file input_2.txt (compact mmCIF, C-alpha atoms)
# COMPACT_ATOMS: atom_id res chain seq x y z
CA MET C 1 -6.62 -10.61 7.60
CA ASN C 2 -9.30 -9.58 10.13
CA ASP C 3 -7.09 -11.00 12.90
CA LEU C 4 -4.26 -8.77 11.75
CA ILE C 5 -6.52 -5.72 11.83
CA LYS C 6 -7.61 -6.52 15.39
CA LYS C 7 -4.00 -6.82 16.54
CA ASP C 8 -2.99 -3.50 15.03
CA SER C 9 -3.16 -0.65 17.47
CA GLY C 10 -4.74 2.60 16.40
CA PHE C 11 -1.34 4.28 16.62
CA LEU C 12 0.34 1.70 14.38
CA VAL C 13 -2.42 1.88 11.78
CA GLY C 14 -2.10 5.66 11.83
CA VAL C 15 1.66 5.50 11.25
CA GLN C 16 1.14 3.02 8.42
CA GLY C 17 -1.47 5.35 6.93
CA ILE C 18 1.09 8.19 6.93
CA GLN C 19 3.54 5.88 5.15
CA TRP C 20 0.95 5.26 2.42
CA ALA C 21 0.29 9.03 2.17
CA ILE C 22 4.01 9.78 1.69
CA PHE C 23 4.23 7.03 -0.92
CA MET C 24 1.25 8.54 -2.77
CA LEU C 25 2.86 12.00 -2.67
CA THR C 26 5.92 10.56 -4.42
CA ASN C 27 3.72 9.63 -7.38
CA ILE C 28 1.76 12.92 -7.51
CA ILE C 29 3.74 16.09 -6.94
CA ALA C 30 5.92 16.14 -10.08
CA VAL C 31 3.08 15.70 -12.58
CA PRO C 32 1.17 19.02 -12.23
CA VAL C 33 4.47 20.93 -12.42
CA VAL C 34 5.52 19.23 -15.67
CA VAL C 35 2.08 19.30 -17.31
CA GLY C 36 1.50 22.88 -16.16
CA ALA C 37 4.77 23.97 -17.78
CA ALA C 38 3.80 22.28 -21.07
CA PHE C 39 0.61 24.37 -21.16
CA HIS C 40 2.36 27.53 -19.85
CA MET C 41 0.02 27.69 -16.85
CA SER C 42 0.38 30.48 -14.32
CA ALA C 43 1.61 29.88 -10.76
CA ALA C 44 -1.98 30.05 -9.54
CA ASP C 45 -3.16 27.51 -12.13
CA ILE C 46 -0.38 25.03 -11.30
CA SER C 47 -1.07 25.43 -7.58
CA THR C 48 -4.79 24.69 -7.94
CA PHE C 49 -3.96 21.88 -10.39
CA MET C 50 -1.76 20.34 -7.67
CA GLN C 51 -4.59 20.75 -5.16
CA ARG C 52 -7.06 18.93 -7.45
CA MET C 53 -4.50 16.20 -8.27
CA LEU C 54 -4.14 15.43 -4.56
CA PHE C 55 -7.92 15.29 -4.16
CA VAL C 56 -8.52 13.06 -7.19
CA SER C 57 -5.70 10.62 -6.36
CA GLY C 58 -7.14 10.10 -2.89
CA ALA C 59 -10.72 9.89 -4.16
CA ALA C 60 -9.87 7.42 -6.96
CA THR C 61 -8.01 5.18 -4.49
CA LEU C 62 -11.05 5.10 -2.18
CA ILE C 63 -13.38 4.40 -5.13
CA GLN C 64 -11.34 1.31 -5.98
CA VAL C 65 -11.17 0.16 -2.33
CA PHE C 66 -14.93 0.43 -1.82
CA PHE C 67 -16.41 -0.18 -5.29
CA GLY C 68 -13.62 -1.54 -7.51
CA HIS C 69 -11.12 -4.34 -6.98
CA ARG C 70 -11.15 -3.77 -3.15
CA LEU C 71 -7.39 -4.25 -2.85
CA PRO C 72 -4.74 -2.00 -1.23
CA VAL C 73 -3.59 -0.38 -4.46
CA VAL C 74 -2.73 3.30 -4.89
CA GLU C 75 -4.27 5.27 -7.75
CA GLY C 76 -1.97 7.85 -9.28
CA ALA C 77 -1.36 9.82 -12.45
CA ALA C 78 -0.65 7.32 -15.22
CA GLY C 79 2.62 7.87 -17.08
CA MET C 80 0.84 7.48 -20.41
CA TRP C 81 -1.85 9.98 -19.48
CA TRP C 82 0.41 12.78 -18.37
CA ALA C 83 2.70 12.07 -21.33
CA ILE C 84 -0.29 12.55 -23.65
CA PHE C 85 -1.06 15.87 -21.91
CA ILE C 86 2.53 17.10 -22.27
CA LEU C 87 2.77 15.89 -25.84
CA LEU C 88 -0.41 17.66 -26.95
CA GLY C 89 0.40 20.78 -24.95
CA GLU C 90 3.80 21.19 -26.59
CA MET C 91 2.42 20.46 -30.07
CA SER C 92 -0.37 23.05 -29.87
CA ALA C 93 -0.20 26.75 -30.63
CA PRO C 94 -0.54 29.10 -27.62
CA ALA C 95 -4.05 30.12 -28.64
CA ASN C 96 -5.19 26.49 -28.80
CA ARG C 97 -3.99 25.37 -25.34
CA GLY C 98 -7.10 26.54 -23.48
CA PRO C 99 -9.54 24.75 -25.83
CA LEU C 100 -7.24 21.70 -25.83
CA LEU C 101 -7.55 21.36 -22.04
CA GLU C 102 -11.35 21.48 -22.37
CA GLN C 103 -11.14 18.76 -25.03
CA LEU C 104 -8.95 16.64 -22.75
CA GLU C 105 -11.57 16.91 -20.01
CA MET C 106 -14.13 15.49 -22.43
CA GLY C 107 -11.67 12.84 -23.61
CA LEU C 108 -11.11 11.61 -20.04
CA ILE C 109 -14.84 11.51 -19.28
CA ILE C 110 -15.68 9.59 -22.48
CA ALA C 111 -12.76 7.19 -21.95
CA GLY C 112 -13.95 6.62 -18.37
CA VAL C 113 -17.52 5.91 -19.47
CA PHE C 114 -16.17 3.58 -22.16
CA LEU C 115 -14.16 1.57 -19.61
CA ALA C 116 -17.02 1.46 -17.11
CA VAL C 117 -19.41 0.09 -19.75
CA LEU C 118 -16.76 -2.27 -21.11
CA SER C 119 -16.25 -3.79 -17.65
CA PHE C 120 -19.81 -5.15 -17.73
CA LEU C 121 -19.47 -6.71 -21.19
CA PRO C 122 -17.91 -10.09 -22.06
CA ILE C 123 -15.72 -8.51 -24.73
CA ILE C 124 -12.86 -7.10 -22.66
CA GLU C 125 -10.48 -9.80 -23.84
CA LYS C 126 -11.42 -9.23 -27.49
CA VAL C 127 -10.76 -5.51 -27.20
CA ARG C 128 -7.50 -6.14 -25.34
CA ASN C 129 -6.41 -8.63 -28.04
CA LEU C 130 -6.19 -5.76 -30.51
CA PHE C 131 -3.18 -4.55 -28.54
CA THR C 132 -0.70 -7.30 -29.22
CA PRO C 133 2.90 -7.03 -27.97
CA ILE C 134 3.87 -5.47 -31.31
CA VAL C 135 1.18 -2.78 -31.02
CA THR C 136 1.92 -1.97 -27.37
CA GLY C 137 5.66 -2.02 -28.01
CA VAL C 138 5.34 0.44 -30.89
CA TYR C 139 2.99 2.63 -28.84
CA LEU C 140 5.34 2.87 -25.85
CA ILE C 141 8.45 3.52 -27.97
CA LEU C 142 6.69 6.26 -29.93
CA LEU C 143 5.37 7.82 -26.73
CA VAL C 144 8.76 7.99 -25.02
CA SER C 145 10.54 9.05 -28.22
CA GLN C 146 8.29 12.06 -28.63
CA MET C 147 8.76 13.01 -24.97
CA SER C 148 12.53 12.51 -24.74
CA GLY C 149 13.36 15.92 -26.16
CA SER C 150 11.36 17.70 -23.45
CA PHE C 151 13.15 15.73 -20.74
CA PHE C 152 16.64 16.58 -21.93
CA LYS C 153 15.91 20.22 -22.75
CA SER C 154 14.71 20.69 -19.18
CA MET C 155 17.32 18.59 -17.36
CA LEU C 156 20.19 20.22 -19.27
CA GLY C 157 18.86 23.68 -18.42
CA ILE C 158 18.02 24.65 -22.00
CA THR C 159 14.32 25.24 -21.27
CA GLU C 160 15.13 27.64 -18.42
CA THR C 161 18.26 29.43 -19.69
CA GLY C 162 18.19 28.92 -23.47
CA HIS C 163 21.56 27.14 -23.37
CA LEU C 164 23.27 24.22 -21.64
CA SER C 165 23.62 24.83 -17.90
CA GLY C 166 26.29 22.77 -16.14
CA LYS C 167 24.84 23.39 -12.67
CA ILE C 168 21.32 22.30 -13.61
CA ALA C 169 22.60 19.27 -15.52
CA CYS C 170 24.76 18.16 -12.56
CA ILE C 171 21.93 18.60 -10.04
CA CYS C 172 19.57 16.57 -12.22
CA LEU C 173 22.24 13.88 -12.62
CA VAL C 174 22.72 13.72 -8.84
CA GLU C 175 18.94 13.41 -8.38
CA ILE C 176 18.71 10.58 -10.93
CA LEU C 177 21.63 8.75 -9.30
CA ILE C 178 19.98 9.04 -5.87
CA ILE C 179 16.74 7.58 -7.23
CA LEU C 180 18.68 4.77 -8.91
CA MET C 181 20.65 4.06 -5.75
CA PHE C 182 17.50 3.77 -3.65
CA SER C 183 15.80 1.66 -6.30
CA LEU C 184 18.68 -0.79 -6.65
CA LYS C 185 20.38 -0.79 -3.24
CA ALA C 186 17.89 0.26 -0.55
CA ARG C 187 15.89 -2.23 1.49
CA GLY C 188 12.53 -2.19 3.17
CA VAL C 189 10.28 0.85 2.85
CA LEU C 190 13.22 3.03 1.74
CA LYS C 191 13.31 1.17 -1.58
CA SER C 192 10.06 2.84 -2.70
CA MET C 193 11.02 6.28 -1.35
CA GLY C 194 13.77 6.99 -3.89
CA PRO C 195 11.82 9.57 -5.92
CA LEU C 196 10.84 11.48 -2.76
CA PHE C 197 14.44 11.62 -1.49
CA GLY C 198 15.65 12.55 -4.98
CA ILE C 199 13.15 15.40 -5.22
CA ALA C 200 14.11 16.66 -1.74
CA VAL C 201 17.84 16.68 -2.58
CA GLY C 202 17.31 18.21 -6.04
CA TRP C 203 15.02 20.91 -4.67
CA GLY C 204 17.47 21.67 -1.86
CA LEU C 205 20.41 21.95 -4.28
CA PHE C 206 18.44 24.36 -6.47
CA TYR C 207 18.02 26.62 -3.44
CA TRP C 208 21.67 26.14 -2.40
CA PHE C 209 23.00 27.26 -5.80
CA GLY C 210 20.50 30.10 -6.16
CA LEU C 211 18.76 28.58 -9.18
CA ILE C 212 15.24 29.21 -7.92
CA GLY C 213 13.64 31.96 -9.99
CA PRO C 214 11.84 35.02 -8.64
CA ALA C 215 9.32 34.27 -5.91
CA LYS C 216 5.96 33.24 -7.31
CA THR C 217 3.35 35.86 -6.69
CA TYR C 218 0.40 33.53 -6.15
CA VAL C 219 -0.98 33.57 -2.62
CA PRO C 220 -4.06 31.42 -1.88
CA ALA C 221 -7.17 33.37 -0.91
CA GLY C 222 -7.67 31.24 2.20
CA TRP C 223 -6.64 28.11 4.07
CA PHE C 224 -9.60 26.04 2.88
CA ALA C 225 -11.13 25.68 -0.59
CA ILE C 226 -13.23 23.00 -2.29
CA PRO C 227 -11.51 21.66 -5.46
CA LYS C 228 -13.12 23.29 -8.47
CA ILE C 229 -15.13 21.32 -11.04
CA PHE C 230 -14.18 21.90 -14.72
CA ALA C 231 -11.42 24.31 -13.75
CA TRP C 232 -10.21 24.44 -17.37
CA GLY C 233 -13.67 25.30 -18.70
CA LEU C 234 -16.66 23.26 -19.81
CA PRO C 235 -15.66 20.07 -21.72
CA THR C 236 -15.73 20.27 -25.51
CA PHE C 237 -15.72 17.44 -28.04
CA ASP C 238 -12.90 16.79 -30.48
CA ILE C 239 -12.76 13.50 -32.38
CA GLY C 240 -8.95 13.34 -32.35
CA ILE C 241 -8.67 13.90 -28.61
CA VAL C 242 -11.49 11.44 -27.87
CA LEU C 243 -9.86 8.79 -30.09
CA THR C 244 -6.49 9.34 -28.40
CA SER C 245 -8.09 9.13 -24.93
CA VAL C 246 -10.08 5.95 -25.63
CA ILE C 247 -7.05 4.21 -27.17
CA THR C 248 -4.89 5.20 -24.17
CA SER C 249 -7.52 3.86 -21.75
CA ILE C 250 -7.62 0.54 -23.64
CA VAL C 251 -3.83 0.21 -23.61
CA LEU C 252 -3.85 0.88 -19.87
CA ILE C 253 -6.27 -2.00 -19.24
CA SER C 254 -3.15 -4.14 -19.13
CA ASN C 255 -1.77 -1.93 -16.35
CA VAL C 256 -4.97 -2.34 -14.35
CA ILE C 257 -4.81 -6.12 -14.76
CA ALA C 258 -1.07 -6.27 -14.01
CA SER C 259 -1.42 -4.08 -10.90
CA ILE C 260 -4.20 -6.26 -9.47
CA LEU C 261 -2.23 -9.40 -10.30
CA VAL C 262 1.06 -8.35 -8.67
CA VAL C 263 -0.68 -6.96 -5.57
CA GLY C 264 -2.52 -10.27 -5.26
CA ILE C 265 0.87 -12.02 -5.30
CA ALA C 266 2.21 -9.61 -2.65
CA LEU C 267 -0.84 -10.31 -0.48
CA GLU C 268 -0.55 -14.07 -1.15
CA LYS C 269 -4.20 -13.92 -2.17
CA GLU C 270 -5.95 -15.53 -5.12
CA ILE C 271 -7.56 -12.92 -7.36
CA GLN C 272 -11.04 -13.63 -8.64
CA SER C 273 -11.93 -12.84 -12.26
CA LYS C 274 -14.64 -10.42 -11.08
CA GLN C 275 -11.99 -8.35 -9.32
CA TYR C 276 -10.34 -7.61 -12.66
CA GLN C 277 -13.67 -6.47 -14.09
CA LYS C 278 -14.40 -4.35 -11.02
CA GLY C 279 -10.88 -2.91 -11.23
CA ILE C 280 -11.52 -1.81 -14.82
CA PHE C 281 -14.85 -0.33 -13.71
CA GLY C 282 -13.08 1.52 -10.89
CA ASN C 283 -10.47 2.83 -13.31
CA GLY C 284 -13.26 4.10 -15.57
CA ALA C 285 -14.85 5.87 -12.60
CA GLY C 286 -11.46 7.36 -11.74
CA LEU C 287 -11.06 8.72 -15.27
CA ILE C 288 -14.52 10.31 -15.10
CA VAL C 289 -13.57 12.00 -11.81
CA SER C 290 -10.26 13.09 -13.39
CA GLY C 291 -12.11 14.76 -16.26
CA ILE C 292 -14.65 16.44 -13.99
CA PHE C 293 -11.94 17.88 -11.72
CA SER C 294 -9.59 18.77 -14.60
CA VAL C 295 -6.51 16.65 -13.84
CA VAL C 296 -4.38 14.00 -15.53
CA GLY C 297 -5.98 10.55 -15.80
CA VAL C 298 -5.29 8.08 -12.99
CA VAL C 299 -4.58 4.34 -12.99
CA PRO C 300 -3.81 1.68 -10.34
CA LEU C 301 -0.05 1.74 -9.75
CA SER C 302 1.69 -1.63 -9.80
CA VAL C 303 4.47 -0.23 -7.58
CA SER C 304 1.96 -0.64 -4.74
CA ALA C 305 2.97 -4.31 -4.69
CA GLY C 306 6.57 -3.36 -3.99
CA PHE C 307 5.46 -1.06 -1.18
CA ILE C 308 3.36 -3.84 0.37
CA SER C 309 6.21 -6.35 0.09
CA THR C 310 8.80 -4.04 1.65
CA THR C 311 6.63 -2.65 4.47
CA GLY C 312 4.53 -5.72 5.19
CA ILE C 313 1.39 -3.54 5.34
CA LYS C 314 -1.21 -5.88 3.87
CA THR C 315 -4.48 -4.57 5.32
CA LYS C 316 -6.70 -1.96 3.66
CA ARG C 317 -7.23 0.31 6.66
CA PRO C 318 -3.80 2.02 6.50
CA LEU C 319 -4.23 2.68 2.77
CA MET C 320 -7.69 4.14 3.42
CA ILE C 321 -6.19 6.48 6.03
CA GLY C 322 -3.40 7.48 3.64
CA ALA C 323 -5.88 8.10 0.82
CA ILE C 324 -8.09 10.19 3.11
CA LEU C 325 -5.06 12.28 4.15
CA ILE C 326 -4.14 12.91 0.50
CA LEU C 327 -7.77 13.66 -0.40
CA ALA C 328 -8.04 16.05 2.57
CA ALA C 329 -4.82 17.83 1.49
CA GLY C 330 -6.70 18.72 -1.70
CA PHE C 331 -8.95 20.99 0.35
CA PHE C 332 -6.03 23.10 1.59
CA PRO C 333 -4.72 25.49 -1.09
CA TYR C 334 -1.43 26.08 0.73
CA ALA C 335 -0.55 22.40 0.28
CA GLY C 336 -0.96 22.75 -3.47
CA GLU C 337 0.88 26.09 -3.43
CA PHE C 338 3.87 24.59 -1.60
CA PHE C 339 4.31 21.57 -3.87
CA SER C 340 3.73 23.66 -7.02
CA LYS C 341 7.00 25.51 -6.29
CA LEU C 342 8.93 22.37 -7.21
CA PRO C 343 11.45 23.36 -9.96
CA LEU C 344 10.50 21.99 -13.36
CA GLU C 345 13.95 20.48 -13.87
CA VAL C 346 13.71 18.56 -10.58
CA ALA C 347 10.25 17.30 -11.56
CA TYR C 348 11.50 16.04 -14.93
CA ALA C 349 14.52 14.35 -13.32
CA SER C 350 12.27 12.53 -10.82
CA LEU C 351 10.25 11.11 -13.71
CA PHE C 352 13.25 10.15 -15.86
CA ILE C 353 13.67 6.63 -14.43
CA PRO C 354 10.00 5.54 -14.71
CA PHE C 355 9.89 6.98 -18.22
CA SER C 356 13.02 5.05 -19.17
CA GLN C 357 11.36 1.92 -17.80
CA MET C 358 8.38 2.62 -20.06
CA MET C 359 10.70 2.60 -23.06
CA GLY C 360 12.16 -0.65 -21.73
CA PHE C 361 8.69 -2.20 -21.53
CA GLY C 362 8.14 -1.32 -25.19
CA ILE C 363 11.47 -2.84 -26.24
CA ARG C 364 10.71 -5.94 -24.17
CA ASP C 365 7.39 -6.41 -25.97
CA LEU C 366 9.08 -6.20 -29.37
CA MET C 367 12.03 -8.42 -28.40
CA GLY C 368 9.60 -11.16 -27.45
CA GLN C 369 8.38 -11.44 -31.04
CA GLU C 370 9.78 -13.61 -33.80
CA PRO C 371 12.02 -11.47 -36.05
CA SER C 372 10.17 -12.53 -39.20
CA GLY C 373 10.02 -10.35 -42.29
CA ARG C 374 6.35 -9.65 -41.62
CA ASN C 375 6.90 -8.52 -38.00
CA LEU C 376 9.94 -6.39 -38.86
CA LEU C 377 7.95 -4.67 -41.62
CA VAL C 378 5.01 -3.90 -39.30
CA ILE C 379 7.34 -2.52 -36.61
CA GLY C 380 9.59 -0.61 -39.00
CA LEU C 381 6.80 1.04 -41.00
CA SER C 382 4.88 2.04 -37.86
CA LEU C 383 7.92 3.55 -36.13
CA MET C 384 9.11 5.27 -39.32
CA VAL C 385 5.76 6.94 -39.95
CA GLY C 386 5.15 7.81 -36.30
CA ILE C 387 8.61 9.27 -35.63
CA GLY C 388 8.69 10.99 -39.02
CA MET C 389 5.44 12.81 -38.32
CA MET C 390 6.88 14.04 -35.01
CA PHE C 391 9.36 16.20 -36.93
CA MET C 392 6.69 17.96 -38.99
CA PRO C 393 6.25 21.67 -38.09
CA PRO C 394 2.78 22.51 -36.68
CA ALA C 395 2.27 25.08 -39.46
CA ALA C 396 2.26 22.23 -42.01
CA PHE C 397 -1.18 21.12 -40.81
CA GLU C 398 -2.97 24.48 -40.87
CA SER C 399 -4.85 23.49 -44.04
CA VAL C 400 -6.22 20.31 -42.42
CA ALA C 401 -9.78 20.43 -41.10
CA PRO C 402 -9.73 21.22 -37.32
CA TRP C 403 -11.57 18.00 -36.39
CA LEU C 404 -8.90 15.96 -38.20
CA ARG C 405 -5.86 18.00 -37.22
CA ASN C 406 -5.34 16.41 -33.79
CA ILE C 407 -5.13 13.01 -35.51
CA VAL C 408 -2.98 13.82 -38.55
CA ALA C 409 -0.53 16.05 -36.64
CA ASN C 410 -0.03 13.50 -33.86
CA GLY C 411 2.87 11.21 -34.73
CA LEU C 412 2.03 8.93 -31.80
CA LEU C 413 -1.52 8.38 -33.03
CA ASP C 414 -0.45 8.09 -36.68
CA GLY C 415 2.08 5.37 -35.89
CA LEU C 416 -0.36 3.53 -33.63
CA ILE C 417 -3.24 3.56 -36.14
CA LEU C 418 -0.91 2.35 -38.91
CA CYS C 419 0.40 -0.41 -36.64
CA LEU C 420 -3.15 -1.57 -35.84
CA LEU C 421 -4.01 -1.64 -39.56
CA LEU C 422 -0.84 -3.51 -40.51
CA GLU C 423 -1.12 -5.96 -37.60
CA HIS C 424 -4.82 -6.85 -37.87
CA ILE C 425 -5.90 -6.11 -41.45
CA ILE C 426 -3.14 -5.69 -44.04
CA PHE C 427 -0.70 -8.33 -42.70
CA ARG C 428 -3.12 -10.18 -40.47
CA GLU C 429 -2.04 -13.47 -38.92
CA ASN C 430 -4.41 -16.07 -37.54
CA LYS C 431 -2.85 -16.37 -34.10
CA LYS C 432 -1.49 -13.75 -31.74
CA SER C 433 0.04 -13.86 -28.30
CA VAL C 434 -0.87 -11.11 -25.87
CA HIS C 435 0.55 -10.12 -22.53
CA PRO C 436 0.35 -7.04 -20.30
CA THR C 437 2.77 -4.24 -21.06
CA ALA C 438 3.64 -3.51 -17.44

call {"tool": "encode", "arguments": {"input": "input_2.txt", "output": "structure tokens"}}
result
Amino acid sequence: MNDLIKKDSGFLVGVQGIQWAIFMLTNIIAVPVVVGAAFHMSAADISTFMQRMLFVSGAATLIQVFFGHRLPVVEGAAGMWWAIFILLGEMSAPANRGPLLEQLEMGLIIAGVFLAVLSFLPIIEKVRNLFTPIVTGVYLILLVSQMSGSFFKSMLGITETGHLSGKIACICLVEILIILMFSLKARGVLKSMGPLFGIAVGWGLFYWFGLIGPAKTYVPAGWFAIPKIFAWGLPTFDIGIVLTSVITSIVLISNVIASILVVGIALEKEIQSKQYQKGIFGNGAGLIVSGIFSVVGVVPLSVSAGFISTTGIKTKRPLMIGAILILAAGFFPYAGEFFSKLPLEVAYASLFIPFSQMMGFGIRDLMGQEPSGRNLLVIGLSLMVGIGMMFMPPAAFESVAPWLRNIVANGLLDGLILCLLLEHIIFRENKKSVHPTA
């Protein structure tokens, strides 16, 4: 590997670094727009959110390269994390959204500390064994089920216009087809650039058909600004949010392990067991940074392996350059302001394919299990309770104590907790098989 680095010219390494930066952008820019809309953030808040998301993604990647698994793997907003944000934001009353963001900051920090401590203990496998394929399958299906309504309301134009909009629906369909075409047909580096091309085409078509709303009034105060710490307010503790955050971080341990594993295969390099532990530690550190800088939680992205395979960029220097470029972009408010203008519908459409894959991962986990009466009962009861609670009106839980409300009113958490109880206590079996979710 050192020989390869010596052969690379400074110009080539720089170009490769820009490729990594563009790839990272693909996995960043849609998330603040979608999460910001769920919490009804202002243009200024979404813009600064975008700025901090750029900074944290770059910083978390560098943390892993220097102190974590030390592999060329991009850190980006985890699908589960931003789904949790959207889910809670849409469930909460307008007056509760501000405090909820402060609670999510605390949840991320505690989840990060939990993972960092866990990485030093010889119990990671025992904790991970709680999340059998049945549990992870139920979790992913519940998560996507609760989010599917938001996707279709936006992509069909209902969120924006209050009724079905043919133009918006067609543009979103074109964007999804472009992403699919690149994903299935493109070769080389273009294969991983589908979301970026889809966003560019969707955004352009919105301008072409005059679907962009009134110009946003936010204008950054200057060209340079340090990302703000605790931008949503000082963190506050809520047992329901903390429980949700810790459970999500445990489920995503499998993503950390899977990402390290597949990148090792792409690099044709044997992964040491300590690298998995250090990767989990690095992910914990990334979650702490995410909470401190008020953004969605990050995780190593397994799609990095595909990028490495298609581009042939196997050294760490180009990734470090790309991460530094993304981190540096977080210091320039106009970068955040530009990307924050992305139409919400285009952002949702760009995330539709990866979200569909998440549902597929959940179905795959369940299909791999024996269709015994016991397993079908665990799956059926958990999904029935979880999905049923999703249809309960928020007003139904006003009499529940505030500290308990974020647990009882959360169909995702209800279904998951029931599944854990059924799987490990009520209908416990002596032997389980476990594998990563993605």

call {"tool": "closest_residue", "arguments": {"input": "input_2.txt", "among": "C:Met53, C:Val201, C:Val138, C:Ile417", "to": "Val174 in chain C", "atoms": "all atoms listed in the file"}}
result
C:Val201

call {"tool": "closest_residue", "arguments": {"input": "input_2.txt", "among": "C:Val56, C:Met50, C:Ile239, C:Met384", "to": "Glu75 in chain C", "atoms": "all atoms listed in the file"}}
result
C:Val56

call {"tool": "closest_atom_pairs", "arguments": {"input": "input_2.txt", "of": "range 267-351 of chain C", "to": "range 11-28 of chain C", "cutoff": "7 Å", "atoms": "only C-alpha atoms", "output": "CSV"}}
result
residue,atom,partner,partner_atom,distance
C:Pro318,CA,C:Gly17,CA,4.1
C:Leu319,CA,C:Gly17,CA,5.7
C:Ile321,CA,C:Gly17,CA,4.9
C:Gly322,CA,C:Ala21,CA,4.3
C:Ala323,CA,C:Ala21,CA,6.4
C:Leu325,CA,C:Ala21,CA,6.6
C:Ile326,CA,C:Ala21,CA,6.1

call {"tool": "write_last_selection", "arguments": {"input": "input_2.txt", "atoms": "C-alpha atoms", "output": "short mmCIF file (atom, residue, chain, number, x, y, z; two decimals), in the frame of the given file"}}
result
data_model
loop_
_atom_site.label_atom_id
_atom_site.label_comp_id
_atom_site.auth_asym_id
_atom_site.auth_seq_id
_atom_site.Cartn_x
_atom_site.Cartn_y
_atom_site.Cartn_z
CA PRO C 318 -3.80 2.02 6.50
CA LEU C 319 -4.23 2.68 2.77
CA ILE C 321 -6.19 6.48 6.03
CA GLY C 322 -3.40 7.48 3.64
CA ALA C 323 -5.88 8.10 0.82
CA LEU C 325 -5.06 12.28 4.15
CA ILE C 326 -4.14 12.91 0.50
#

call {"tool": "closest_residue", "arguments": {"input": "input_2.txt", "among": "C:Glu398, C:Glu345, C:Asp365, C:Glu175", "to": "Leu156 in chain C", "atoms": "only C-alpha atoms"}}
result
C:Glu345

call {"tool": "residues_around", "arguments": {"input": "input_2.txt", "residues": "range 280-284 of chain C", "least_positions_apart": "2", "cutoff": "6 Å", "atoms": "all atoms listed in the file", "output": "VMD selection string"}}
result
chain C and resid 64 68 112 115 to 116 119 277 to 278 286 to 287

call {"tool": "closest_residue", "arguments": {"input": "input_2.txt", "among": "C:Val35, C:Ile257, C:Leu180, C:Val74", "to": "Ser356 in chain C", "atoms": "all atoms listed in the file"}}
result
C:Leu180

call {"tool": "closest_residue", "arguments": {"input": "input_2.txt", "among": "C:Leu351, C:Leu104, C:Ala258, C:Val251", "to": "Pro133 in chain C", "atoms": "only C-alpha atoms"}}
result
C:Val251

call {"tool": "atom_distance", "arguments": {"input": "input_2.txt", "atom1": "CA of Met367 in chain C", "atom2": "CA of Leu416 in chain C"}}
result
18.0 Å

call {"tool": "closest_residue", "arguments": {"input": "input_2.txt", "among": "C:Phe224, C:Phe361, C:Tyr218, C:Tyr276", "to": "Lys341 in chain C", "atoms": "only C-alpha atoms"}}
result
C:Tyr218

call {"tool": "atom_distance", "arguments": {"input": "input_2.txt", "atom1": "CA of Phe338 in chain C", "atom2": "CA of Gly204 in chain C"}}
result
13.9 Å

call {"tool": "atom_distance", "arguments": {"input": "input_2.txt", "atom1": "CA of His163 in chain C", "atom2": "CA of Leu344 in chain C"}}
result
15.8 Å

call {"tool": "residues_around", "arguments": {"input": "input_2.txt", "residues": "His40 in chain C", "least_positions_apart": "6", "cutoff": "9 Å", "atoms": "all atoms listed in the file", "output": "count of residues only"}}
result
3

call {"tool": "axis_aligned_box", "arguments": {"input": "input_2.txt", "around": "range 16-22 of chain C", "padding_each_side": "8 Å", "output": "AutoDock Vina command-line options"}}
result
--center_x 1.3 --center_y 6.4 --center_z 5.1 --size_x 21.5 --size_y 22.8 --size_z 22.7

call {"tool": "residues_near_point", "arguments": {"input": "input_2.txt", "point": "(-14.7, 20.3, -1.8)", "cutoff": "12 Å", "atoms": "only C-alpha atoms", "output": "ChimeraX atom specification"}}
result
/C:51-52,54-56,59,224-229,293,327-333

call {"tool": "decode", "arguments": {"input": "input_2.txt", "residues": "range 414-421 of chain C", "atoms": "N, CA and C atoms", "output": "PDB file, in the first residue's frame"}}
result
ATOM      1  N   ASP C 414     -42.545   0.450  20.805  1.00  0.00           N
ATOM      2  CA  ASP C 414     -43.475  -0.524  21.397  1.00  0.00           C
ATOM      3  C   ASP C 414     -43.305  -1.900  20.759  1.00  0.00           C
ATOM      4  N   GLY C 415     -43.301  -1.920  19.418  1.00  0.00           N
ATOM      5  CA  GLY C 415     -43.151  -3.186  18.713  1.00  0.00           C
ATOM      6  C   GLY C 415     -41.807  -3.840  18.978  1.00  0.00           C
ATOM      7  N   LEU C 416     -40.745  -3.017  19.061  1.00  0.00           N
ATOM      8  CA  LEU C 416     -39.406  -3.559  19.302  1.00  0.00           C
ATOM      9  C   LEU C 416     -39.282  -4.147  20.704  1.00  0.00           C
ATOM     10  N   ILE C 417     -39.772  -3.421  21.712  1.00  0.00           N
ATOM     11  CA  ILE C 417     -39.699  -3.903  23.093  1.00  0.00           C
ATOM     12  C   ILE C 417     -40.487  -5.206  23.243  1.00  0.00           C
ATOM     13  N   LEU C 418     -41.692  -5.249  22.645  1.00  0.00           N
ATOM     14  CA  LEU C 418     -42.494  -6.475  22.706  1.00  0.00           C
ATOM     15  C   LEU C 418     -41.759  -7.633  22.028  1.00  0.00           C
ATOM     16  N   CYS C 419     -41.136  -7.354  20.885  1.00  0.00           N
ATOM     17  CA  CYS C 419     -40.412  -8.399  20.167  1.00  0.00           C
ATOM     18  C   CYS C 419     -39.252  -8.938  21.008  1.00  0.00           C
ATOM     19  N   LEU C 420     -38.513  -8.049  21.681  1.00  0.00           N
ATOM     20  CA  LEU C 420     -37.414  -8.479  22.547  1.00  0.00           C
ATOM     21  C   LEU C 420     -37.931  -9.360  23.690  1.00  0.00           C
ATOM     22  N   LEU C 421     -39.071  -8.967  24.277  1.00  0.00           N
ATOM     23  CA  LEU C 421     -39.644  -9.750  25.375  1.00  0.00           C
ATOM     24  C   LEU C 421     -40.107 -11.123  24.893  1.00  0.00           C
TER      25      LEU C 421
END
